[in-house]
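Here the structure is laid out as structure tokens; the discussion comes afterwards.
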Amino acid sequence: NKRILLKDYVVGPPKEADMVASTETVRLEVPVGSKAVLLKNLYLSCDPYMRNRMNRPLEGQEESYFTPFKPGSVITGLGVAKVVDSGHPDFKVGDYVWGSTGWEEFTLISNPETLFKIKYTNVPLSYYTGLLGMPGMTAYAGFYEICSPKKGEYVYISAASGAVGQIVGQYAKLLGCYVVGSAGSNEKVNLLKTKFGFDDAFNYKEEHDLAATLKRHFPEGIDIYFENVGGAMLDAVLLNMRNHGRIAVCGLISQYNLEKPEGVHNLFCLVTKRIRMQGFIVIDFYHKYNEFVETTRQYIKEGKITYVEDVVEGLESAPAALVGLFTGRNVGKQVVVVARE
Ligand code: NDP
């Protein structure tokens, strides 16, 4: 069983060398009488929150949402897998599932109730790491539940070409909003405009004055900001929000590698402009998973939503793929193929 272990807690930007490949010779099997399932991992998901799990635990924080990985242990993350052995009545050999699994070829899951059974297999199975999985659910809950969007509103999305951002933008367009996204390369900006149907997009790395850039794109101000990055971008957005605007704080990736997060300077705009700024975590919305899948599957079928993935081959490619999220190397949802069947 080939696997990827975390070497040690990470300080600063993650490096490939923070993770190491190893082979375990123990034969995994479902213990007699248990309700465990044995998974053959097919597609692994690289997600920014995994970096937070590489931090040394702060005292009293061991049980937080970001339960730290243990040095020397296999990295865990989300993935798509096939059930190859099962002691659980709800899971049969051959079923496809997605959920928390290990960065390894095979994983024994003792509490399979946490896994989602995959109902529709007539889409690429890797979509369950993205469009039909956790990032999609994040976009769905974050946009429809947290942003309180209305037709015709002005929507701005940062890290817009990524796993979550590209979906938020397409939902917003389907509702009839005016949508602008930012991303870190001209290739990504091009995708936003041509593939995902954003009204406009810009490369934030080429802009010296983000507040002025946003003013140019939103002369009348922003109603909804879908926040993925934080830092200087958030400050520039606050200056450009409209009265009664909403900010859904999905993530702050620009801060994850900093030992001391940057301050936000323009928070008084929340008061003067009566802005609602709300953080959220996708796991609180999984009761809406079926509704989300049905809606989004229909959009896929009708050709109203499309998805771009950045697929790399082989478990050994996983560390570099994860590291790449923090330099913007990924174009679209970062997926690692362990096996296709
Ligand atoms: P992406 O697929 O968008 O990958 C990360 C992207 O972030 C990179 O490609 C890069 O794009 C951008 N980025 C990296 N470093 C920086 C930086 N310093 N400043 C600005 N942009 C940066 O990731 P996801 O779509 O999976 O995640 C997007 C956000 O959503 C993250 O903050 C993540 O933590 C959050 N999230 C939150 C969830 C929740 O439940 N609240 C659930 C899932 C995700 P570029 O080239 O454009 O810079």
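Identifiers for the structure tokens are assigned positionally: chains receive A, B, ... in sequence, residues are indexed from 1 per chain, and ligands are indexed from 1 in the order shown.
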Fill in: Contacts to ligand 1 at 7 Å cut-off (only C-alpha atoms and all ligand atoms) as number ranges by chain
A: 47-49, 134-135, 138, 159-165, 182-185, 228-229, 250-255, 280-283, 325-334
Would you pick out the contacts of Gly77 of chain A at 8 Å or less, using only C-alpha atoms, so that residues sharing its chain but fewer than 5 positions from it are not included, and give the list as a short mmCIF file (atom, residue, chain, number, x, y, z; two decimals) with N, CA and C atoms, in the first residue's frame?
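The new file part.cif reads:
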data_model
loop_
_atom_site.label_atom_id
_atom_site.label_comp_id
_atom_site.auth_asym_id
_atom_site.auth_seq_id
_atom_site.Cartn_x
_atom_site.Cartn_y
_atom_site.Cartn_z
N LEU A 44 -7.87 11.76 -5.66
CA LEU A 44 -7.68 12.51 -4.42
C LEU A 44 -7.82 13.99 -4.71
N SER A 45 -8.33 14.68 -3.74
CA SER A 45 -8.58 16.12 -3.87
C SER A 45 -7.50 16.88 -3.11
N CYS A 46 -6.92 17.91 -3.75
CA CYS A 46 -6.01 18.80 -3.03
C CYS A 46 -6.80 20.03 -2.64
N ASP A 47 -6.87 20.31 -1.36
CA ASP A 47 -7.66 21.44 -0.87
C ASP A 47 -6.84 22.34 0.03
N MET A 50 -6.03 21.82 3.83
CA MET A 50 -5.08 20.79 4.26
C MET A 50 -3.81 21.42 4.80
N GLY A 99 -15.53 11.11 0.07
CA GLY A 99 -15.47 11.54 1.46
C GLY A 99 -14.04 11.50 1.95
N SER A 100 -13.89 11.49 3.25
CA SER A 100 -12.56 11.55 3.85
C SER A 100 -11.86 10.21 3.68
N THR A 101 -10.67 10.27 3.11
CA THR A 101 -9.91 9.03 2.89
C THR A 101 -8.42 9.34 3.06
N GLY A 102 -7.58 8.35 2.81
CA GLY A 102 -6.15 8.56 3.01
C GLY A 102 -5.43 8.80 1.70
N TRP A 103 -4.29 9.46 1.77
CA TRP A 103 -3.44 9.63 0.59
C TRP A 103 -2.62 8.35 0.42
#
Worksheet item: With only C-alpha atoms as the atoms that count, which of A:Ala21, A:Val323, A:Ile157, A:Ala201 lies nearest to Ile222 of chain A?
Response: A:Ile157
Practice prompt. Run DSSP on the backbone and give me the residues of segment 187-283 of chain A it puts in alpha helix (DSSP H), as a PyMOL selection string.
Written response: chain A and resi 187-194+210-217+232-240+268-272
Discussion item. Restricting the calculation to only C-alpha atoms: of A:Leu234, A:Ile224, A:Val26, A:Val308, which residue gets closest to Thr129 of chain A?
Written reply: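 Smallest separation from Thr129 of chain A among the options: A:Val308.
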Could the residues of segment 98-199 of chain A that have an atom at most 8 Å from segment 292-296 of chain A be listed as CSV, each with its closest atom pair and the distance in Å to one decimal, counting only C-alpha atoms and ordered by chain and ascending residue number?
residue,atom,partner,partner_atom,distance
A:Leu132,CA,A:Val293,CA,6.2
A:Met137,CA,A:Phe292,CA,6.7
A:Tyr140,CA,A:Phe292,CA,6.8
Worksheet item: What's the 7 Å shell around Pro68 of chain A, counting only C-alpha atoms, without same-chain residues fewer than 3 positions away, as JSON, numbers by chain?
Response: {"A": [53, 54, 55, 56, 57, 62]}
Just the selected residues (C-alpha atoms), exported as a PDB file, in the first residue's frame, please.
ATOM      1  CA  ARG A  53      -3.919  20.853   9.203  1.00  0.00           C
ATOM      2  CA  MET A  54      -0.138  20.840   8.837  1.00  0.00           C
ATOM      3  CA  ASN A  55       0.331  23.457  11.567  1.00  0.00           C
ATOM      4  CA  ARG A  56       1.618  22.424  14.963  1.00  0.00           C
ATOM      5  CA  PRO A  57      -1.491  22.218  17.184  1.00  0.00           C
ATOM      6  CA  GLU A  62      -6.486  19.799  18.996  1.00  0.00           C
TER       7      GLU A  62
END
Worksheet item: Of the candidates A:Val237, A:Leu192, A:Ala248, A:Val83, which shows the shortest atom-to-atom distance to Thr213 of chain A, using only C-alpha atoms?
Response: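 Looking only at the distances to Thr213 of chain A, the closest residue turns out to be A:Val237.
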Do you have, as a tab-separated table, the list of residues of segment 180-270 of chain A lying at most 12 Å from segment 300-304 of chain A, each with its nearest atom pair and that distance in Å to one decimal, counting only C-alpha atoms and ordered by chain then number?
residue	atom	partner	partner_atom	distance
A:Lys195	CA	A:Lys304	CA	11.1
A:Phe196	CA	A:Lys304	CA	9.6
A:Gly197	CA	A:Lys304	CA	10.1
